[in-house]
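A short worksheet on the structure shown next.
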There are 4 protein chains.
Amino acid sequence: MEKAREAVAVGKISGAVGAFAHLDPQVEERVCAKLGLKAAPVSTQIVQRDSYAEYLCTLAVVASSLEKFALQVRHWQRTEVREAQEKFRKGQKGSSAMPHKRNPILSERICGMARVVRANSLVGLENVALWHERDISHSSAERVVLPDSSIAVDYMLHKMASLIDGLVVYPERMLENLNATRGLIFSGQLLLALTQSGVAREEAYEWVQRNAMKTWDEGGDFHSLVSADEGGDFHSLVSADKEIRAHLSEEQIARVFSLDTYLRNVGAVFARVFG
Amino acid sequence: MEKAREAVAVGKISGAVGAFAHLDPQVEERVCAKLGLKAAPVSTQIVQRDSYAEYLCTLAVVASSLEKFALQVRHWQRTEVREAQEKFRKGQKGSSAMPHKRNPILSERICGMARVVRANSLVGLENVALWHERDISHSSAERVVLPDSSIAVDYMLHKMASLIDGLVVYPERMLENLNATRGLIFSGQLLLALTQSGVAREEAYEWVQRNAMKTWDEGGDFHSLVSADEGGDFHSLVSADKEIRAHLSEEQIARVFSLDTYLRNVGAVFARVFG
Amino acid sequence: MEKAREAVAVGKISGAVGAFAHLDPQVEERVCAKLGLKAAPVSTQIVQRDSYAEYLCTLAVVASSLEKFALQVRHWQRTEVREAQEKFRKGQKGSSAMPHKRNPILSERICGMARVVRANSLVGLENVALWHERDISHSSAERVVLPDSSIAVDYMLHKMASLIDGLVVYPERMLENLNATRGLIFSGQLLLALTQSGVAREEAYEWVQRNAMKTWDEGGDFHSLVSADEGGDFHSLVSADKEIRAHLSEEQIARVFSLDTYLRNVGAVFARVFG
Amino acid sequence: MEKAREAVAVGKISGAVGAFAHLDPQVEERVCAKLGLKAAPVSTQIVQRDSYAEYLCTLAVVASSLEKFALQVRHWQRTEVREAQEKFRKGQKGSSAMPHKRNPILSERICGMARVVRANSLVGLENVALWHERDISHSSAERVVLPDSSIAVDYMLHKMASLIDGLVVYPERMLENLNATRGLIFSGQLLLALTQSGVAREEAYEWVQRNAMKTWDEGGDFHSLVSADEGGDFHSLVSADKEIRAHLSEEQIARVFSLDTYLRNVGAVFARVFG
């Protein structure tokens with residue numbers, strides 16, 4: 001956004017064909033500087049439109065990233081997932097037909113508006129190739145897309161900020177959903193542990209997969225089996241697999257199935273971003 | 001597609017500026033007829049490009065509809081939902097890192113390709129406004145987008161057909177997911193039954209919502225409660241609500257919570273489409 | 001437009017998931033018929049968005065065709081061409097800097113707006129693939145693009161109609177511009193006449209081109225030579241070319257350079273379109 | 001392009017969900033540095049797609065600017081304008097039907113390809129909002145648009161460079177076309193001179209316009225009047241206008257109609273750009 005803002009902060013007073021037939025180029029420089037603008041090095045009757053295209057494309061990238069976050073919230077808020085949801089004010093009505101339903105209305109709105117902002121970037125791009133580097137056909141189009149995209153992204157940013165502020169998070173549901181695969185999420189770690197213990201990858205893959213498939217296929221009603229200790233889960237099946245056990249001890253397998261092992265580097269990622 | 005195909009099945013032999021300076025218009029009509037084409041009523045050096053734009057837009061609508069189906073499969077195949085999934089051949093590898101993972105690879109591929117077909121329609125639209133109704137700038141662009149979009153949609157249709165042929169459906173999971181809301185899906189029907197029994201809609205909405213919210217909020221670990229009869233589900237709460245019971249008998253409430261009632265007209269929908 | 005209008009003239013009262021849980025499908029049919037709509041054969045909470053995409057794409061094709069006409073007017077109105085121009089009301093100001101300048105302002109405006117309508121069709125296409133065939137993300141986007149595109153095309157059609165009504169045409173300038181090539185526009189006809197008289201096309205092309213190039217290269221200041229009879233024009237050069245004259249008589253060459261020959265079939269084109 | 005190139009020069013080895021479950025984050029940093037890449041601060045299974053969208057949008061802006069130049073060449077090469085044209089190799093065939101015709105084929109090709117590159121940027125933008133910040137639907141789309149847009153812009157840049165290298169320029173035609181308005185191009189300067197001499201702008205505008213209109217309207221066959229001294233041109237009409245002459249001397253008017261005055265600052269513009 002900063003780069004794009006700089007790109008459009010450009011002015012010109014170079015006359016009808018950019019020849020400075022009526023005044024000195026230094027006037028342009030001084031006036032632009034007073035307005036906090038750079039003087040366009042070359043211009044025609046107008047400032048060239050590539051920088052406006054860059055601005056509209058940047059808004060489109062921002063809008064698409066906001067859509068990415070909104071899409072995530074919509075997934076979290078699915079009834080079957082329900083790991084997080086938009087704040088629902090006390091007394092707020094849900095769906096008109098289905099009173100219990102809490103819809104991710106802000107997230108859906110943001111997704112829809114991202115489409116508009118995306119499409120408007122096309123208008124900015126089509127506006128670049130003007131006749132004689134200065135016909136005026138871009139004018140009618142820019143009157144629509146410049147304010148529409150600017151206002152829409154501003155609105156989306158505000159809505160997204162308040163959405164995140166008010167986001168209701170269900171950590172227990174997250175853990176429950178992780179456990180719903182009965183240990184399968186650790187299959188990659190198991191594969192790695194086997195290859196590190198000297199098993200060829202092809203072979204290790206086959207051993208892991210046969211146990212994974214068994215766990216998966218027996219999981220038709222897997223939610224009732226969540227955190228069950230009575231067998232049928234991936235950890236138990238792996239522990240009972242003789243070929244695997246020939247290479248990994250019970251302790252090593254336990255480390256594979258540990259969230260602590262899995263998440264040991266997450267702090268480093270946060271440190272990278274937030275310092 | 002049929003309309004769009006007809007729109008582009010047009011030919012011309014009207015000369016370099018469409019004046020038939022070199023031959024009789026009847027020659028054009030006869031030759032076009034032999035080729036199964038209509039003669040363009042007016043043409044320049046070229047057939048006007050609006051019909052090709054229509055063709056590319058039609059492909060984009062078809063691709064977007066295929067994406068809609070593919071998106072549905074991707075939802076079904078989510079680990080937390082798992083109501084249906086793309087066929088997984090015996091011996092097929094899943095994710096390289098996670099051997100158990102079965103990804104909806106065809107559906108994701110179709111979604112991605114829909115974006116390309118959609119964008120190509122823009123090229124078709126930009127090709128319409130040619131200089132003098134006949135410059136040749138569309139030529140380089142059409143060499144890319146006409147074959148690319150045609151081939152992509154053909155490929156997507158074939159993949160989608162085989163995807164649906166091989167789709168693995170889990171009806172028990174579907175029922176389980178429906179039940180996971182512990183009866184909340186019938187809230188709309190309950191609201192209707194109350195208003196039909198004479199309760200004002202505003203009031204009915206409030207009664208339904210208070211029970212719905214209670215059911216929902218207690219459903220933090222709702223999967224363990226699926227098909228539970230011991231209370232806490234929406235049906236029980238509603239049956240115990242005195243204001244509701246003052247207007248609806250136990251039998252009437254049972255009808256509200258019946259899938260048979262809910263689905264009684266589904267056959268009529270199928271009859272509409274498949275005759 | 002008629003097809004697209006029909007495509008969106010569709011209604012539904014099939015309930016929140018399209019199952020007609022609350023009323024008979026016949027009610028939907030009767031109500032839709034009263035409103036002049038067709039009942040959607042299948043629907044979810046909403047009518048599927050492919051028909052709206054078709055509508056927006058159709059508007060985009062219409063807008064692009066209007067841009068094609070507008071582009072033509074802009075070419076005609078170029079100072080160097082000046083074959084036709086938008087009406088300029090008495091007392092109307094021209095360019096603020098250059099009082100004599102008459103700009104094709106309507107045509108440029110139409111070109112700019114076509115870009116907006118074109119881009120909006122993309123929004124319609126992105127709206128098709130909704131979650132579960134019925135999320136509500138299309139709503140915020142359609143509130144922008146459906147009215148904007150509909151109103152813009154209506155405006156463009158009105159402006160284009162009045163532009164054509166008031167178009168100022170300069171037939172003498174048209175003839176003058178045709179003559180400015182000093183006969184080169186008949187080169188295609190000459191090529192044809194030579195091949196019909198038995199010359200191989202390759203050879204004929206070479207003969208025609210050498211005279212055409214000579215005419216062209218000497219035309220650096222060709223406007224001062226317009227309708228000159230003193231030689232240097234294509235007709236004279238061709239008449240003096242011995243190889244050509246060995247196959248075509250003076251009379252045959254005169255027929256090649258006759259507008260009457262060239263335009264003899266134009267009436268048939270008008271008859272095709274206007275009956 | 002430099003910014004966009006930097007934006008996509010990013011790598012990751014953070015594992016299947018970006019948690020570095022299998023190796024230390026420092027490994028990623030070292031490997032990326034060896035490859036000349038920055039390590040993505042946060043990643044999932046993939047690097048986020050916003051930077052690729054930025055890259056594709058940047059290519060679209062570049063392609064649109066190339067189209068702007070190409071459009072200019074096409075205008076110059078119009079038969080009625082003919083101020084410059086693409087190089088035409090000796091022996092090169094022109095139009096198949098019209099041997100003399102030299103078409104701006106490179107410029108038209110570049111215009112067409114710009115449409116493809118523009119549309120592809122949309123695909124990049126649609127690829128940003130992936131499910132869970134990492135579905136794989138972008139893959140099929142990127143295999144088309146990343147190489148296509150990169151190769152197309154590379155091709156366009158090469159073609160444009162050789163087009164400009166070989167551009168045939170006709171300065172006399174340029175001057176002739178300027179003179180074709182019989183002095184009207186100086187109307188803006190005249191307006192300025194009048195206001196500087198104390199005439200109110202409204203009044204000055206009227207005086208200038210009445211002479212400009214007269215010049216324009218009598219210019220129906222203006223090419224035959226080019227550089228005529230016998231009156232009817234704007235300079236003569238202005239010199240004979242008593243109200244104007246009451247404020248401007250003959251010498252002052254001559255300065256208004258001088259190209260030297262008009263172009264006096266052009267050198268400063270070149271200095272700004274080329275130093």
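Residue numbering restarts at 1 for every chain of the structure tokens, chains are lettered A, B, ... in their displayed order, and ligands are numbered from 1 as they appear.
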* range 161-165 of chain D surroundings by only C-alpha atoms, 12 Å radius, close-in-sequence under 2 positions cut, as a PyMOL selection string -> chain D and resi 66+69-70+72-74+84-88+104-110+154-159+167-169
* **Sel. of strand (DSSP E) residues, range 18-261 of chain A, as a list in words** =>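 So the strand (DSSP E) residues in range 18-261 of chain A would be Lys38, Ala39, Ala84, Gln85, Val168 and Val169 of chain A.
The closest residue to chain D, picked from A:Arg143, A:His75, A:Arg210, A:His247 and counting only C-alpha atoms, is A:His75.
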Residues within 6 Å of Arg173 in chain A, only C-alpha atoms, excluding chain neighbours under 3 positions, as an mmCIF file with C-alpha atoms, in the first residue's frame:
```cif
data_model
loop_
_atom_site.group_PDB
_atom_site.id
_atom_site.type_symbol
_atom_site.label_atom_id
_atom_site.label_comp_id
_atom_site.auth_asym_id
_atom_site.auth_seq_id
_atom_site.Cartn_x
_atom_site.Cartn_y
_atom_site.Cartn_z
ATOM 1 C CA GLU A 83 -13.423 -23.806 16.084
ATOM 2 C CA TYR A 170 -13.002 -22.519 20.938
ATOM 3 C CA GLU A 176 -11.113 -32.272 19.631
#
```
* Just need the residues of chain B within 7 Å of chain D, counting only C-alpha atoms, so spit them out as a PyMOL selection string. => chain B and resi 16+97+108-109+111-113+115-116+119-120+122-123+126+136-141
* **Counting only C-alpha atoms, the residue of A:Glu203, A:Arg89, A:Ile46, A:Asn177 that sits nearest Ala19 in chain A** =>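 Checking each of A:Glu203, A:Arg89, A:Ile46, A:Asn177 against Ala19 in chain A, counting only C-alpha atoms, the winner is A:Ile46.
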* Asked: Which residues in range 21-269 of chain B does DSSP call alpha helix (DSSP H)? List them as number ranges by chain.
  -> B: 25-34, 50-76, 105-126, 138-166, 171-179, 187-196, 201-217, 234-239, 242-245, 250-256, 259-263, 266-269
* **Shell of 9 Å around Glu29 in chain A, only C-alpha atoms, local chain residues under 5 positions omitted, as a list in words** =>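 Neighbouring residues, sequence-local ones excluded: Gly11, Lys12, Ile13, Lys34, Leu37, Lys38, Ala39 and Ala40 of chain A.
The space between CA of Val81 in chain C and CA of Leu192 in chain D spans 28.3 Å.
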* To do: Would you mind listing what lies within 7 Å of Val256 in chain A as an NGL selection string, with only C-alpha atoms counted and same-chain residues fewer than 6 positions away left out?
  => :A and (186 or 189-190)
What would the file look like if the residues just selected were written as a PDB file, in the first residue's frame with N, CA and C atoms?
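Saved to part34.pdb:
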```pdb
ATOM      1  N   PHE A 186      -0.102 -37.355  12.935  1.00  0.00           N
ATOM      2  CA  PHE A 186       1.319 -37.570  13.228  1.00  0.00           C
ATOM      3  C   PHE A 186       1.999 -38.495  12.217  1.00  0.00           C
ATOM      4  N   GLN A 189       5.305 -37.295  10.825  1.00  0.00           N
ATOM      5  CA  GLN A 189       6.391 -37.387  11.804  1.00  0.00           C
ATOM      6  C   GLN A 189       6.891 -38.838  11.914  1.00  0.00           C
ATOM      7  N   LEU A 190       5.956 -39.769  11.869  1.00  0.00           N
ATOM      8  CA  LEU A 190       6.323 -41.190  11.963  1.00  0.00           C
ATOM      9  C   LEU A 190       7.195 -41.586  10.770  1.00  0.00           C
TER      10      LEU A 190
END
```
Any idea what's packed within 8 Å of Gln48 in chain A, counting only C-alpha atoms, ignoring anything in its chain fewer than 2 positions away? Could you give it as a short mmCIF file (atom, residue, chain, number, x, y, z; two decimals) with C-alpha atoms, in the first residue's frame?
```
data_model
loop_
_atom_site.label_atom_id
_atom_site.label_comp_id
_atom_site.auth_asym_id
_atom_site.auth_seq_id
_atom_site.Cartn_x
_atom_site.Cartn_y
_atom_site.Cartn_z
CA SER A 43 3.47 14.02 -18.73
CA THR A 44 0.95 14.75 -21.45
CA ILE A 46 -2.55 13.88 -17.98
CA ASP A 50 0.15 2.99 -15.03
CA SER A 51 0.54 4.25 -11.47
CA VAL A 128 -3.33 2.50 -19.21
CA GLU A 133 -0.96 8.73 -24.21
CA ARG A 134 -3.77 11.07 -23.25
#
```
